[in-house]
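Read through the structure below, which is laid out as structure tokens, and then see the notes.
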Amino acid sequence: MPYTAEISRTNPSCFLFVIDQSGSMSERMDIGKSKAEFVADVLNKTLLNLVIRCTKADGCRPYFDVGVIGYSDTRADSAFAGALAGKMLVSVPDIEASPLRVEDRVKKVPDGAGGLAEQASKFPVWFDPTTSGGTPMCEAFRKAAEVLASWCDAHPNSYPPTVIHVTDGQSTDGDPEVLAETLRKFSTNEGTVLLFNLHIDASATAPVIFPSSEAALHDTNSKQLFRMSSPFPAHLVAPAAERGYSAAGESRFFGYKAGYEAIVDFFEIGTRASEMR
Amino acid sequence: MSRLRLTFGATIAKDDVTGATASALTGTPSVAGGLGEDPPETGNDDCFSASEEHQLFAMSDGASESYDSGRWSKVLCRQWILGGGVASKATLYARIREYTQECRPAALSWSKQAAFERGSYATFLGVRKRRGMVQVLAFGDSLAVWLQGDHVVSFPYIDAKQFDERPLCLSTVQARNDPALAAVRMNFTTWPMEPGSRLLLMTDALGRWLLSQPDARLARERLLGFLDAADFAKFVLGERGSGAMKRDDTTLAVLSFEAAS
């Protein structure tokens, strides 16, 4: 059965985030932040959640290898900075050890009486938003394939890698569909690479999340991103339902014109993976 | 009047492939290696504690994906014994305070503090005597099975498919216990204390295995026939190897109802 392998320190899994950093990502969303700022926030929160999931009383455990590829202008490369700069994949304990900074923030938590109370919390930051030029999506997928081909070879018994790709536009360096198809064919003994595509939109009018056919989409770009996305994995149907999404048998792990709520949900559901041991 | 006595008990860690972490459970006040002592570092987040003298027994399975579930399951078991088998909202909150005190969150790094705030989760089975009957309190997917001749009852699950559902564990985050506390009256069962009966307590890997065996009688006989912890380990490793049992911390306690002398 694919996608049932437990994730352990001996057999870790892998998350690769591929982030569009083109100029259009500087457009403001209705919450006042730019798309790039909001995606950076969600990505930092996602990394924090991965660190939390891997942290036990005796320390942070290497359950996942994680990479972030940023693409803009004509190039795609590791988007890690600071001590992790230039590294394509790092283990979660390395991420835990190397935030760029840890900010003091205030979060709202249940006050036990049906309301919310403010609580001080630490918010580590690994990524700052950056935007520039075009959308070299093909180059980003080539880089992702390079990284994951060797990871799959080195981890034949692991839960396969999950790629979460976020973009707000169309490729400016060619047709990425064949490259995405190639990427999805890489595999471990536990299944093929999962490729989840998220198209984000500042207006977030009429978002389409986890569609089951191209018929729900109305332009060539969205139809192409649909075809580039993996079928919705059965074990993620329940986590999606908990967040109010119904993913049918034919659904693809794809979101189109996603606003801030759907962006958060997409990352949350997409990084559930399998059970950790 | 009969008494409960621990006639067999053993546990083995999830990552064990040789049986090296297998150890026997004892019927005197104990938490793994001994009450108040830290158990040997085996990575096993299951816990069993017992006092035959006070007729109190407890088993807990700490959830793998939580901050310090081994400590939490140990606190739950220990306090069931020391607290005289009392289950209430107040005792649960007292256990959360004790766990928090032991973890010293203010002294933790940002990542451990965040993981601590996310909480630890554990199942719980508490056994006590009440008015000549045995009462079992259950939270989560650890399983109690009562055997009297051919009569067999399991609690809280009766079907292997129920193990696929998300278990209602006890949490170190106070607010997250509301669903468990709301269901507390539903989480008790009572069985007669008839000499010759047996009560089996087990964590979910073994519970799922037992309820999914096509020959239930043969499976029960297997669980009642272990010679020692090494024999138990051999069985668990074999079932894990064939894919019949989930690779998880695995614990079994067999309590026998014996006539009081």
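All residue names refer to the structure tokens as shown: chains lettered A, B, ... in order, residues numbered from 1 in each chain, ligands numbered from 1 in order.
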**Message:** Give me the residues near Tyr256 of chain A as a list in words, where near means some atom within 7 Å (using only C-alpha atoms) and where sequence neighbours in that chain fewer than 4 positions away do not count.
**Reply:** Leu198, His199, Ile200, Pro207, Val208, Ile209 and Ser222 of chain A
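If you count only C-alpha atoms and ignore residues fewer than 5 places along the chain from segment 134-145 of chain A, what sits within 6 Å of it is Ser22, Ser72, Asp73, Thr74, Ala76, Ser171, Thr172, Asp173, Pro176 and Leu183 of chain A.
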Proximity check chain B to chain A, 12 Å, nearest pairs one decimal Å, only C-alpha atoms, as CSV:
residue,atom,partner,partner_atom,distance
B:Ala13,CA,A:Arg277,CA,11.1
B:Lys14,CA,A:Arg277,CA,8.0
B:Asp15,CA,A:Arg277,CA,8.5
B:Glu41,CA,A:Asp58,CA,10.8
B:Gly43,CA,A:Asp58,CA,10.3
B:Asn44,CA,A:Arg277,CA,11.1
B:Asp45,CA,A:Arg277,CA,11.1
B:Gly62,CA,A:Arg277,CA,11.6
B:Ala63,CA,A:Arg277,CA,9.3
B:Ser64,CA,A:Arg277,CA,5.9
B:Glu65,CA,A:Arg53,CA,6.4
B:Ser66,CA,A:Lys56,CA,6.8
B:Tyr67,CA,A:Lys56,CA,4.4
B:Asp68,CA,A:Ala57,CA,5.4
B:Ser69,CA,A:Lys56,CA,8.7
B:Gly70,CA,A:Ala57,CA,9.4
B:Arg71,CA,A:Ala57,CA,9.2
B:Trp72,CA,A:Ala57,CA,11.3
B:Glu102,CA,A:Ala57,CA,11.3
B:Cys103,CA,A:Ala57,CA,8.4
B:Arg104,CA,A:Ala57,CA,11.1
B:Pro105,CA,A:Ala57,CA,10.7
B:Leu108,CA,A:Ala57,CA,9.5
B:Ser109,CA,A:Gly59,CA,10.0
B:Trp110,CA,A:Lys122,CA,6.5
B:Ser111,CA,A:Ile52,CA,6.4
B:Lys112,CA,A:Thr55,CA,6.4
B:Gln113,CA,A:Lys122,CA,8.9
B:Ala114,CA,A:Ile52,CA,6.3
B:Ala115,CA,A:Ile52,CA,4.8
B:Phe116,CA,A:Ala57,CA,8.3
B:Glu117,CA,A:Ile52,CA,9.4
B:Arg118,CA,A:Ile52,CA,7.8
B:Gly119,CA,A:Ile52,CA,10.2
B:Ser120,CA,A:Lys56,CA,9.6
B:Asp164,CA,A:Ala238,CA,11.5
B:Glu165,CA,A:Ala238,CA,10.4
B:Arg166,CA,A:Ala238,CA,10.5
B:Val173,CA,A:Pro110,CA,11.0
B:Gln174,CA,A:Gly112,CA,8.7
B:Ala175,CA,A:Gly112,CA,6.5
B:Arg176,CA,A:Gly112,CA,10.1
B:Asn177,CA,A:Gly112,CA,11.4
B:Asp178,CA,A:Gly112,CA,10.1
B:Lys246,CA,A:Glu6,CA,10.1
B:Arg247,CA,A:Arg277,CA,8.5
B:Asp248,CA,A:Arg277,CA,7.7
B:Asp249,CA,A:Arg277,CA,9.8
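Of the listed residues (B:Asn187, B:Gln101, B:Thr7, B:Thr250), B:Thr250 comes nearest to Thr21 of chain B; the distances count only C-alpha atoms.
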**Request:** DSSP on the backbone, then: every residue of segment 140-180 of chain B marked strand (DSSP E or B), written as a PyMOL selection string.
**Result:** chain B and resi 143-148+151-155+170-171
**Item:** Straight-line distance linking atom CA of Leu201 of chain B with atom CA of Ala58 of chain B, stated in Å to one decimal
**Value:** 8.8 Å
**Asked** Do you know which residues are at most 8 Å from Phe232 of chain A counting only C-alpha atoms, after dropping those on the same chain fewer than 2 positions away, and could you put them as number ranges by chain?
**Response** A: 210, 230, 234, 236-237, 247-253
**Asked** Could you name the residues that touch Arg5 of chain B at 7 Å or less, counting only C-alpha atoms, but leaving out those on the same chain fewer than 3 positions away, as number ranges by chain?
**Response** B: 52, 255-257
Could those residues be written to a file, using N, CA and C atoms, as a PDB file, in the first residue's frame?
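The new file part13.pdb reads:
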ATOM      1  N   GLU B  52      -1.202  -4.378  44.128  1.00  0.00           N
ATOM      2  CA  GLU B  52      -2.110  -5.493  44.445  1.00  0.00           C
ATOM      3  C   GLU B  52      -2.703  -5.281  45.828  1.00  0.00           C
ATOM      4  N   LEU B 255      -4.449  -9.986  34.577  1.00  0.00           N
ATOM      5  CA  LEU B 255      -4.847  -9.960  35.984  1.00  0.00           C
ATOM      6  C   LEU B 255      -5.804 -11.136  36.219  1.00  0.00           C
ATOM      7  N   SER B 256      -5.524 -11.916  37.230  1.00  0.00           N
ATOM      8  CA  SER B 256      -6.383 -13.074  37.527  1.00  0.00           C
ATOM      9  C   SER B 256      -7.204 -12.807  38.778  1.00  0.00           C
ATOM     10  N   PHE B 257      -8.458 -13.227  38.737  1.00  0.00           N
ATOM     11  CA  PHE B 257      -9.340 -13.091  39.901  1.00  0.00           C
ATOM     12  C   PHE B 257      -9.139 -14.339  40.751  1.00  0.00           C
TER      13      PHE B 257
END
**Prompt:** Skipping near chain neighbours, those fewer than 2 positions away, what residues fall within 8 Å of segment 135-146 of chain B using only C-alpha atoms, listed as an NGL selection string?
**Reply:** :B and (59-61 or 122-130 or 133 or 148 or 152-157 or 163 or 167-170 or 180 or 187-191 or 197-204 or 207)
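Omitting Trp80 of chain B and its sequence neighbours fewer than 5 positions away, and counting only C-alpha atoms, the residues within 8 Å are Leu56, Phe57, Ala58, Gly85, Val86, Ala87 and Gly126 of chain B.
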Export of prior selection with N, CA and C atoms as a compact mmCIF listing (two decimals), in the first residue's frame:
# COMPACT_ATOMS: atom_id res chain seq x y z
N LEU B 56 -5.38 -1.74 42.85
CA LEU B 56 -5.41 -0.66 41.86
C LEU B 56 -4.39 -0.97 40.77
N PHE B 57 -4.81 -0.80 39.52
CA PHE B 57 -3.93 -1.09 38.39
C PHE B 57 -4.15 0.01 37.34
N ALA B 58 -3.10 0.38 36.65
CA ALA B 58 -3.24 1.42 35.63
C ALA B 58 -2.30 1.14 34.46
N GLY B 85 -7.19 5.61 43.18
CA GLY B 85 -8.11 5.29 42.08
C GLY B 85 -9.25 6.27 41.95
N VAL B 86 -8.98 7.53 42.25
CA VAL B 86 -10.04 8.55 42.13
C VAL B 86 -9.94 9.21 40.75
N ALA B 87 -11.09 9.29 40.06
CA ALA B 87 -11.11 9.93 38.75
C ALA B 87 -12.06 11.11 38.79
N GLY B 126 -7.71 2.59 33.92
CA GLY B 126 -7.59 2.50 35.37
C GLY B 126 -8.50 1.40 35.88
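Using only C-alpha atoms, the protein and nucleic acid residues lying no more than 10 Å from Ser24 of chain A, apart from those fewer than 3 places from it along its own chain, are A:Asp20, A:Gln21, A:Glu27, A:Arg28, A:Ser34, A:Lys35, A:Ala36, A:Thr131, A:Ser132, A:Gly133, A:Gly134, A:Thr135, A:Thr167, A:Asp168, A:Gly169.
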**Asked** So which residues of segment 51-221 of chain B fall under helix (DSSP H, G or I) by DSSP, listed as a PyMOL selection string?
**Response** chain B and resi 69-82+89-103+105-107+110-118+160-164+174-182+184-187+204-212+216-221
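Distances here use only C-alpha atoms; by that measure, the residue among A:Lys108, A:Lys45, A:Arg184, A:Arg61 closest to Val125 of chain A is A:Lys45.
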